[in-house]
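Asks: What follows is structure_28.cif; its format and atoms are mmCIF, C-alpha atoms.
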data_protein
#
loop_
_atom_site.label_atom_id
_atom_site.label_comp_id
_atom_site.auth_asym_id
_atom_site.auth_seq_id
_atom_site.Cartn_x
_atom_site.Cartn_y
_atom_site.Cartn_z
CA MET J 311 0.00 0.00 0.00
CA SER J 312 1.33 3.42 -0.92
CA THR J 313 1.99 5.88 1.91
CA THR J 314 2.25 8.77 -0.54
CA VAL J 315 -0.43 11.45 -0.97
CA TYR J 316 -0.83 12.86 -4.49
CA ILE J 317 -2.68 16.05 -5.41
CA ALA J 318 -3.29 17.67 -8.81
CA VAL J 319 -5.29 20.83 -9.47
CA HIS J 320 -6.42 22.82 -12.48
CA GLY J 321 -7.36 26.44 -13.10
CA GLY J 322 -9.75 25.84 -15.96
CA ALA J 323 -9.66 25.01 -19.64
CA GLY J 324 -9.90 28.14 -21.76
CA CYS J 325 -7.54 30.86 -22.93
CA HIS J 326 -4.91 32.00 -20.43
CA GLY J 327 -3.36 35.32 -21.36
CA VAL J 328 0.18 36.34 -20.51
CA ALA J 329 -1.06 39.06 -18.15
CA SER J 330 -2.77 36.58 -15.81
CA GLU J 331 -0.43 33.62 -16.23
CA GLN J 332 1.78 34.22 -13.20
CA ASN J 333 -1.16 34.88 -10.89
CA VAL J 334 -2.85 31.65 -11.97
CA LYS J 335 0.36 29.65 -11.55
CA SER J 336 0.92 31.06 -8.07
CA ALA J 337 -2.61 30.14 -7.02
CA LEU J 338 -2.25 26.56 -8.28
CA LYS J 339 1.12 26.07 -6.59
CA ARG J 340 -0.22 27.42 -3.31
CA ALA J 341 -3.24 25.10 -3.45
CA CYS J 342 -1.06 22.01 -3.96
CA ALA J 343 1.46 22.94 -1.26
CA GLN J 344 -1.07 23.86 1.41
CA ALA J 345 -3.33 20.88 0.68
CA LEU J 346 -0.36 18.55 1.23
CA GLN J 347 0.57 20.39 4.41
CA HIS J 348 -3.02 20.06 5.62
CA SER J 349 -2.93 16.31 4.91
CA SER J 350 0.15 15.86 7.09
CA LEU J 351 -1.29 17.81 10.03
CA HIS J 352 -5.01 17.00 9.85
CA ASP J 353 -7.20 14.72 7.73
CA SER J 354 -5.24 12.98 4.96
CA SER J 355 -8.25 11.38 3.23
CA ALA J 356 -8.53 12.01 -0.50
CA ILE J 357 -11.84 13.86 -0.02
CA SER J 358 -10.27 16.18 2.56
CA VAL J 359 -7.24 16.89 0.35
CA VAL J 360 -9.50 17.76 -2.59
CA GLU J 361 -11.69 19.98 -0.42
CA ARG J 362 -8.69 21.84 1.00
CA ALA J 363 -7.07 22.40 -2.40
CA ILE J 364 -10.26 23.71 -4.00
CA SER J 365 -11.02 25.93 -1.00
CA LEU J 366 -7.70 27.68 -1.61
CA LEU J 367 -8.50 28.08 -5.30
CA GLU J 368 -11.89 29.54 -4.39
CA ASP J 369 -10.20 32.15 -2.20
CA ASP J 370 -8.02 33.44 -5.05
CA GLU J 371 -9.47 36.37 -6.99
CA TYR J 372 -7.73 35.41 -10.23
CA LEU J 373 -9.71 32.20 -10.64
CA ASN J 374 -13.37 31.74 -11.57
CA ALA J 375 -14.59 30.09 -8.36
CA GLY J 376 -15.67 31.46 -5.00
CA TYR J 377 -14.37 35.00 -4.46
CA GLY J 378 -13.76 36.71 -7.78
CA SER J 379 -16.17 34.54 -9.76
CA ASN J 380 -17.82 35.77 -12.94
CA LEU J 381 -21.03 37.68 -12.26
CA THR J 382 -24.49 36.75 -13.45
CA ILE J 383 -26.53 39.02 -15.70
CA ASP J 384 -27.91 40.53 -12.46
CA GLY J 385 -24.42 41.32 -11.16
CA ILE J 386 -24.14 38.72 -8.40
CA VAL J 387 -21.95 35.68 -7.72
CA GLU J 388 -23.67 32.28 -8.01
CA CYS J 389 -21.39 29.28 -7.56
CA ASP J 390 -21.58 25.57 -8.32
CA ALA J 391 -19.37 22.91 -6.71
CA ALA J 392 -19.18 19.13 -6.32
CA VAL J 393 -17.04 16.41 -4.78
CA MET J 394 -17.01 12.63 -5.28
CA ASP J 395 -15.44 9.79 -3.26
CA GLY J 396 -13.96 7.03 -5.40
CA LEU J 397 -14.08 4.41 -2.64
CA SER J 398 -17.81 4.66 -1.90
CA GLY J 399 -19.13 6.45 -4.99
CA ASP J 400 -20.71 9.06 -2.70
CA PHE J 401 -21.35 12.46 -4.27
CA GLY J 402 -22.37 15.89 -3.02
CA SER J 403 -22.95 19.16 -4.84
CA VAL J 404 -24.40 22.65 -4.61
CA GLY J 405 -25.65 24.97 -7.33
CA ALA J 406 -26.62 28.61 -7.93
CA LEU J 407 -25.19 29.35 -4.49
CA SER J 408 -24.65 32.88 -3.13
CA GLY J 409 -23.27 34.01 0.21
CA VAL J 410 -21.16 30.97 1.10
CA LYS J 411 -17.42 31.64 1.25
CA ASN J 412 -16.30 28.20 0.10
CA PRO J 413 -18.88 26.30 -1.96
CA ILE J 414 -16.71 23.16 -2.08
CA GLN J 415 -16.94 22.87 1.71
CA LEU J 416 -20.71 22.91 1.47
CA ALA J 417 -20.63 20.28 -1.29
CA SER J 418 -18.54 18.07 1.04
CA ALA J 419 -21.04 18.66 3.83
CA VAL J 420 -23.86 17.54 1.52
CA LEU J 421 -21.88 14.37 0.71
CA ARG J 422 -21.29 13.59 4.39
CA HIS J 423 -24.94 14.30 5.22
CA SER J 424 -26.11 11.89 2.50
CA ARG J 425 -24.26 9.03 4.21
CA ALA J 426 -26.19 9.25 7.48
CA PRO J 427 -29.50 7.41 7.94
CA ASP J 428 -32.60 9.60 8.14
CA SER J 429 -34.87 9.25 11.16
CA LEU J 430 -37.96 9.06 8.91
CA GLY J 431 -36.37 6.95 6.21
CA ARG J 432 -36.21 9.80 3.70
CA ILE J 433 -33.63 9.68 0.92
CA ARG J 434 -31.10 12.38 1.68
CA PRO J 435 -30.15 14.76 -1.14
CA MET J 436 -26.99 14.66 -3.23
CA THR J 437 -27.52 18.21 -4.53
CA LEU J 438 -28.84 21.40 -2.95
CA VAL J 439 -29.30 24.74 -4.71
CA ALA J 440 -29.91 28.44 -4.11
CA SER J 441 -31.62 29.46 -0.84
CA GLY J 442 -32.00 25.84 0.29
CA ALA J 443 -28.27 25.28 -0.03
CA HIS J 444 -27.57 28.50 1.89
CA ALA J 445 -29.88 27.44 4.72
CA PHE J 446 -28.18 24.05 4.88
CA ALA J 447 -24.78 25.79 5.11
CA SER J 448 -25.98 27.71 8.17
CA SER J 449 -27.25 24.51 9.78
CA GLN J 450 -23.90 22.78 9.23
CA GLY J 451 -21.67 25.58 10.51
CA ILE J 452 -20.29 26.38 7.03
CA GLN J 453 -19.14 30.01 6.82
CA THR J 454 -21.70 32.31 5.21
CA ILE J 455 -21.02 35.91 4.21
CA ILE J 456 -22.78 38.88 2.67
CA PRO J 457 -23.13 38.02 -1.05
CA ASN J 458 -21.41 41.25 -2.13
CA GLU J 459 -18.26 40.11 -0.31
CA MET J 460 -17.81 37.47 -3.03
CA VAL J 461 -17.56 40.16 -5.74
CA SER J 462 -14.03 41.25 -6.71
CA PRO J 463 -13.08 44.58 -8.36
CA ARG J 464 -11.95 42.70 -11.47
CA ALA J 465 -15.27 40.90 -11.77
CA ILE J 466 -17.16 44.19 -11.42
CA ARG J 467 -15.10 45.80 -14.19
CA GLU J 468 -15.71 42.89 -16.56
CA TRP J 469 -19.42 42.82 -15.77
CA GLN J 470 -19.85 46.56 -16.35
CA LYS J 471 -18.00 46.38 -19.65
CA TRP J 472 -19.97 43.50 -21.12
CA LYS J 473 -23.35 44.31 -19.57
CA SER J 474 -23.17 47.73 -21.24
CA ARG J 475 -22.52 46.05 -24.59
CA LEU J 476 -25.41 43.68 -24.02
CA ASP J 477 -27.83 46.45 -23.08
CA HIS J 478 -26.74 48.97 -25.72
CA PRO J 479 -25.43 47.01 -28.73
CA ALA J 480 -25.90 49.94 -31.12
CA ASN J 481 -23.24 51.90 -29.24
CA TYR J 482 -20.48 49.34 -29.83
CA ASP J 483 -18.89 47.40 -32.65
CA GLN J 484 -20.16 43.82 -32.81
CA GLU J 485 -18.02 41.86 -30.37
CA SER J 486 -18.36 38.54 -28.59
CA LEU J 487 -17.21 37.69 -25.10
CA PRO J 488 -13.49 36.79 -25.13
CA GLN J 489 -12.55 33.21 -24.33
CA ASP J 490 -10.80 34.20 -21.10
CA ALA J 491 -14.08 35.72 -19.86
CA MET J 492 -15.85 32.43 -20.49
CA GLN J 493 -13.41 29.90 -19.03
CA ASP J 494 -15.08 27.86 -16.39
CA THR J 495 -14.35 25.70 -13.35
CA VAL J 496 -11.38 24.92 -11.13
CA GLY J 497 -10.85 21.49 -9.68
CA ALA J 498 -8.69 18.87 -8.03
CA VAL J 499 -8.04 15.13 -7.96
CA ALA J 500 -6.27 13.30 -5.13
CA TRP J 501 -4.87 9.93 -4.06
CA ASP J 502 -4.49 9.45 -0.30
CA ASN J 503 -2.09 7.30 1.75
CA GLU J 504 -4.68 4.50 1.86
CA GLY J 505 -4.79 4.39 -1.94
CA ASN J 506 -8.24 5.98 -2.19
CA LEU J 507 -9.20 8.49 -4.90
CA ALA J 508 -11.42 11.58 -4.92
CA ALA J 509 -12.30 14.41 -7.30
CA GLY J 510 -13.92 17.81 -7.05
CA VAL J 511 -14.87 20.93 -9.02
CA SER J 512 -15.94 24.49 -8.26
CA SER J 513 -17.09 27.23 -10.61
CA GLY J 514 -18.52 30.71 -10.82
CA GLY J 515 -19.92 29.86 -14.25
CA LEU J 516 -20.02 31.93 -17.40
CA LEU J 517 -19.88 35.71 -17.36
CA LEU J 518 -23.39 37.20 -17.72
CA LYS J 519 -25.02 33.81 -17.24
CA TYR J 520 -28.72 33.75 -16.40
CA SER J 521 -29.37 33.89 -12.67
CA GLY J 522 -30.25 30.41 -11.43
CA ARG J 523 -28.28 28.68 -14.19
CA ILE J 524 -26.62 25.43 -13.12
CA GLY J 525 -23.35 24.39 -14.75
CA GLU J 526 -21.50 21.10 -14.92
CA ALA J 527 -19.84 21.66 -11.55
CA ALA J 528 -23.14 20.90 -9.79
CA VAL J 529 -24.31 17.99 -11.95
CA TYR J 530 -23.73 14.32 -11.14
CA GLY J 531 -21.62 12.67 -13.83
CA ALA J 532 -20.71 15.93 -15.56
CA GLY J 533 -18.13 17.95 -13.62
CA CYS J 534 -16.24 15.28 -11.68
CA TRP J 535 -16.08 11.52 -11.24
CA ALA J 536 -14.13 9.08 -9.06
CA GLN J 537 -14.20 5.29 -8.91
CA GLN J 538 -11.98 2.40 -7.89
CA SER J 539 -12.05 -1.38 -7.76
CA LEU J 540 -12.71 -3.20 -4.49
CA SER J 541 -9.11 -4.37 -4.52
CA LYS J 542 -7.99 -0.71 -4.82
CA ARG J 543 -5.61 -1.77 -7.58
CA TYR J 544 -7.41 0.17 -10.30
CA GLY J 545 -9.33 3.39 -10.35
CA MET J 546 -9.67 6.93 -11.67
CA ALA J 547 -10.59 10.44 -10.59
CA CYS J 548 -11.26 13.30 -12.99
CA SER J 549 -12.20 16.97 -12.83
CA ILE J 550 -13.78 18.64 -15.85
CA SER J 551 -13.74 22.23 -17.08
CA GLY J 552 -15.30 24.04 -20.03
CA ALA J 553 -18.73 24.99 -21.37
CA GLY J 554 -21.19 23.57 -18.86
CA GLU J 555 -24.06 22.96 -21.27
CA HIS J 556 -21.77 20.99 -23.59
CA ILE J 557 -20.39 18.93 -20.73
CA ILE J 558 -23.76 18.23 -19.09
CA ARG J 559 -25.28 17.10 -22.40
CA SER J 560 -22.63 14.39 -22.75
CA GLY J 561 -22.18 13.51 -19.05
CA LEU J 562 -18.47 13.79 -19.81
CA ALA J 563 -16.99 12.81 -16.43
CA ARG J 564 -19.13 9.70 -16.08
CA ILE J 565 -18.63 8.42 -19.62
CA LEU J 566 -14.88 8.77 -19.14
CA GLY J 567 -15.14 6.67 -16.01
CA GLU J 568 -17.24 4.08 -17.83
CA ALA J 569 -14.71 3.92 -20.66
CA LEU J 570 -11.94 3.24 -18.18
CA GLN J 571 -13.78 0.31 -16.57
CA SER J 572 -14.92 -1.30 -19.81
CA PRO J 573 -14.32 -5.03 -20.42
CA GLU J 574 -11.22 -4.18 -22.43
CA SER J 575 -9.61 -2.72 -19.30
CA ASP J 576 -10.41 -5.61 -16.94
CA GLY J 577 -6.88 -6.90 -17.22
CA GLY J 578 -5.39 -3.55 -16.35
CA GLU J 579 -3.98 -3.03 -19.82
CA VAL J 580 -5.65 0.06 -21.25
CA ASP J 581 -4.37 2.79 -23.54
CA ILE J 582 -5.40 5.93 -21.64
CA HIS J 583 -4.44 8.18 -24.53
CA GLN J 584 -6.71 6.23 -26.87
CA VAL J 585 -9.58 6.25 -24.36
CA LEU J 586 -9.33 10.04 -24.00
CA LEU J 587 -9.21 10.45 -27.77
CA GLN J 588 -12.29 8.29 -28.31
CA VAL J 589 -14.31 9.87 -25.49
CA PHE J 590 -13.58 13.44 -26.56
CA ASN J 591 -14.10 12.81 -30.27
CA GLN J 592 -16.89 10.22 -30.41
CA LYS J 593 -18.81 10.79 -27.17
CA PHE J 594 -18.33 14.52 -26.64
CA SER J 595 -17.51 16.44 -29.82
CA GLU J 596 -19.31 14.49 -32.54
CA PRO J 597 -22.82 14.64 -30.99
CA LEU J 598 -22.35 18.37 -30.41
CA HIS J 599 -21.17 18.89 -33.99
CA GLN J 600 -24.41 17.23 -35.12
CA ARG J 601 -26.28 19.85 -33.11
CA GLY J 602 -24.41 22.64 -34.89
CA GLU J 603 -21.77 23.38 -32.24
CA LEU J 604 -18.61 24.07 -34.20
CA MET J 605 -16.17 24.17 -31.28
CA PRO J 606 -17.24 22.08 -28.28
CA ASN J 607 -15.34 23.31 -25.26
CA ALA J 608 -13.99 21.04 -22.50
CA GLY J 609 -10.90 19.96 -20.63
CA VAL J 610 -10.15 17.19 -18.13
CA LEU J 611 -7.55 16.54 -15.45
CA LEU J 612 -7.42 12.76 -15.00
CA LEU J 613 -5.65 10.75 -12.31
CA THR J 614 -5.58 7.00 -12.91
CA LYS J 615 -4.50 4.10 -10.73
CA GLU J 616 -2.70 1.44 -12.73
CA ARG J 617 -0.70 -1.72 -12.08
CA GLY J 618 3.02 -1.09 -11.97
CA GLU J 619 6.10 -3.13 -11.20
CA ASP J 620 5.76 -5.82 -8.53
CA ASP J 621 1.98 -5.60 -9.06
CA GLU J 622 1.80 -2.36 -7.04
CA ALA J 623 -0.68 0.36 -7.91
CA VAL J 624 0.92 3.49 -9.36
CA PRO J 625 -0.58 6.88 -10.29
CA ARG J 626 -0.69 8.36 -13.79
CA LEU J 627 -1.76 11.93 -14.47
CA TRP J 628 -3.28 13.07 -17.76
CA CYS J 629 -4.65 16.30 -19.15
CA ALA J 630 -6.80 16.66 -22.28
CA PHE J 631 -8.58 19.72 -23.65
CA THR J 632 -10.19 21.17 -26.77
CA THR J 633 -9.53 24.79 -25.76
CA GLU J 634 -6.39 26.85 -26.38
CA SER J 635 -4.91 26.12 -22.97
CA MET J 636 -5.38 24.55 -19.55
CA ALA J 637 -3.63 25.46 -16.29
CA VAL J 638 -2.48 22.58 -14.05
CA ALA J 639 -0.24 21.85 -11.07
CA TYR J 640 0.63 18.70 -9.13
CA ALA J 641 2.69 17.53 -6.16
CA SER J 642 3.01 14.67 -3.68
CA THR J 643 4.32 14.05 -0.20
CA ARG J 644 7.22 12.30 -1.90
CA LYS J 645 7.94 15.39 -4.02
CA PRO J 646 6.19 18.27 -2.23
CA SER J 647 7.48 21.10 -4.43
CA PRO J 648 4.57 21.68 -6.86
CA LYS J 649 5.09 21.53 -10.61
CA VAL J 650 2.91 24.02 -12.45
CA SER J 651 2.27 24.72 -16.12
CA ILE J 652 -0.05 26.50 -18.50
CA LEU J 653 -0.44 23.75 -21.09
CA ARG J 654 -1.00 25.10 -24.60
CA ARG J 655 -1.93 23.28 -27.77
CA PRO J 656 0.71 23.38 -30.49
CA ALA J 657 -0.23 25.65 -33.38
CA SER J 658 -0.72 22.65 -35.63
CA THR J 659 -3.62 21.44 -33.46
CA SER J 660 -5.23 24.81 -32.79
CA ALA J 661 -7.22 25.25 -35.98
CA VAL J 662 -10.72 23.94 -36.52
CA ASP J 663 -10.52 21.55 -39.44
CA ALA J 664 -13.67 20.86 -41.44
CA GLY J 665 -15.86 21.85 -38.51
CA LYS J 666 -14.12 19.53 -36.06
CA SER J 667 -12.18 20.70 -33.03
CA SER J 668 -9.12 18.66 -32.10
CA VAL J 669 -8.30 17.50 -28.58
CA TYR J 670 -4.82 17.93 -27.16
CA ILE J 671 -3.71 15.15 -24.79
CA THR J 672 -0.60 14.95 -22.61
CA ALA J 673 0.70 12.87 -19.72
CA LEU J 674 2.29 14.51 -16.68
CA PRO J 675 4.99 12.86 -14.51
CA ILE J 676 3.30 12.94 -11.10
CA HIS J 677 4.87 9.66 -9.97
CA ARG J 678 8.46 10.17 -11.10
#
In structure tokens, what does this structure look like?
Replies:
Amino acid sequence: MSTTVYIAVHGGAGCHGVASEQNVKSALKRACAQALQHSSLHDSSAISVVERAISLLEDDEYLNAGYGSNLTIDGIVECDAAVMDGLSGDFGSVGALSGVKNPIQLASAVLRHSRAPDSLGRIRPMTLVASGAHAFASSQGIQTIIPNEMVSPRAIREWQKWKSRLDHPANYDQESLPQDAMQDTVGAVAWDNEGNLAAGVSSGGLLLKYSGRIGEAAVYGAGCWAQQSLSKRYGMACSISGAGEHIIRSGLARILGEALQSPESDGGEVDIHQVLLQVFNQKFSEPLHQRGELMPNAGVLLLTKERGEDDEAVPRLWCAFTTESMAVAYASTRKPSPKVSILRRPASTSAVDAGKSSVYITALPIHR
């Protein structure tokens, strides 16, 4: 059994400009380092490591989650978040949430609450939204704040700029929202010192989204997924980012998990690169192309548990995305200094060819 804790985080799949690159990298490195430190001093379970890492990402104003999130059309922050335990398959999420400092902590509380038996035999919820989620946060001792305290100066500036263009289109040249204003979702995947896996996501959603809109970060099977075999020798955890409606329509996180536990992978020999290619092209992009979506938008951070030398389970980390870039970082208790990168597609894969968007796939050396 491994005694190493592994953590990997992402800052969204989208378009990361040079101006924000260093701030995003710093936030991702800090999340990895402090999540590992937390695991050594407090709870080292995979769920706890994921929750801690994402909480730190939510607190950073340069990322679209928690404080500093994109604002709705009504100028408020509404967040979605989810977490999933690979050992039990338990899931908890919140959606369209205002006035809670760390939505991922509330999602974890929903997950824990769902495990307890109900005195009247009711089925406990996996997902809570809006005012009901806020009331549950208060009952569970999760920190609530005035909703305006979630709004950053940067988010206000972006909202004022684009809301004016929406309300008075005749006063401006025709212009669409830039990709960096639309990038969505931060997340984390973890492997704890018992060999268990977990995944989580958190998002402020799209800029100028309709109030009450739920994105993939709140939807079961869309924004994150974690699973493992009873023997703990095989498993996966993934966190998804991108256009929520595209991701929800395909159930991207769940179909990736299903592809990785197909009969072909029962022996442990599976080509992860090929699985990612098939899922993104055949299960995600092609159905959306048939609906007229020219550039389906998604990215995934994937941690897999595979059989290594001496039949021991070893971690593999993958990243795949259809956008211009995706920001990732990873570390472990074996190598606690985080590695961070803004992954960018080579120019040869950036163009849309015959109405089809290409997916860029890379492996990252989390174990070495």
Asks: Report the distance between CA of Ala569 (chain J) and CA of Thr614 (chain J) in Å, rounded to one decimal place.
Replies: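 One can read the CA of Ala569 (chain J) to CA of Thr614 (chain J) distance as 12.4 Å.
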Asks: Using Å and a single decimal, report how far CA of Ala637 (chain J) sits from CA of Ala343 (chain J).
Replies: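 Atom-to-atom, CA of Ala343 (chain J) and CA of Ala637 (chain J) are spaced 16.1 Å apart.
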Asks: Identify the residues within 7 Å of coordinate (-25.8, 24.8, -3.5) (same frame as the file), considering all atoms listed in the file, and give the answer as a PyMOL selection string.
Replies: chain J and resi 390+403-407+437-440+443-444
Asks: In terms of the shortest atom-to-atom distance over all atoms listed in the file, which of J:Arg340, J:Lys335, J:His348, J:Lys411 is closest to Ser651 (chain J)?
Replies: J:Lys335
Asks: If the PyMOL selection byres ((chain J and resi 452-464) around 9) were run on this exact file, what residues would it hold? Put them as a CSV table (one decimal) with C-alpha atoms, in the frame of the given file.
Replies:
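Result file is selection-v5.csv:
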chain,number,residue,atom,x,y,z
J,371,GLU,CA,-9.5,36.4,-7.0
J,372,TYR,CA,-7.7,35.4,-10.2
J,376,GLY,CA,-15.7,31.5,-5.0
J,377,TYR,CA,-14.4,35.0,-4.5
J,378,GLY,CA,-13.8,36.7,-7.8
J,379,SER,CA,-16.2,34.5,-9.8
J,380,ASN,CA,-17.8,35.8,-12.9
J,381,LEU,CA,-21.0,37.7,-12.3
J,385,GLY,CA,-24.4,41.3,-11.2
J,386,ILE,CA,-24.1,38.7,-8.4
J,387,VAL,CA,-22.0,35.7,-7.7
J,408,SER,CA,-24.6,32.9,-3.1
J,409,GLY,CA,-23.3,34.0,0.2
J,410,VAL,CA,-21.2,31.0,1.1
J,411,LYS,CA,-17.4,31.6,1.2
J,412,ASN,CA,-16.3,28.2,0.1
J,415,GLN,CA,-16.9,22.9,1.7
J,416,LEU,CA,-20.7,22.9,1.5
J,419,ALA,CA,-21.0,18.7,3.8
J,444,HIS,CA,-27.6,28.5,1.9
J,446,PHE,CA,-28.2,24.0,4.9
J,447,ALA,CA,-24.8,25.8,5.1
J,448,SER,CA,-26.0,27.7,8.2
J,449,SER,CA,-27.2,24.5,9.8
J,450,GLN,CA,-23.9,22.8,9.2
J,451,GLY,CA,-21.7,25.6,10.5
J,465,ALA,CA,-15.3,40.9,-11.8
J,466,ILE,CA,-17.2,44.2,-11.4
J,467,ARG,CA,-15.1,45.8,-14.2
J,468,GLU,CA,-15.7,42.9,-16.6
J,469,TRP,CA,-19.4,42.8,-15.8
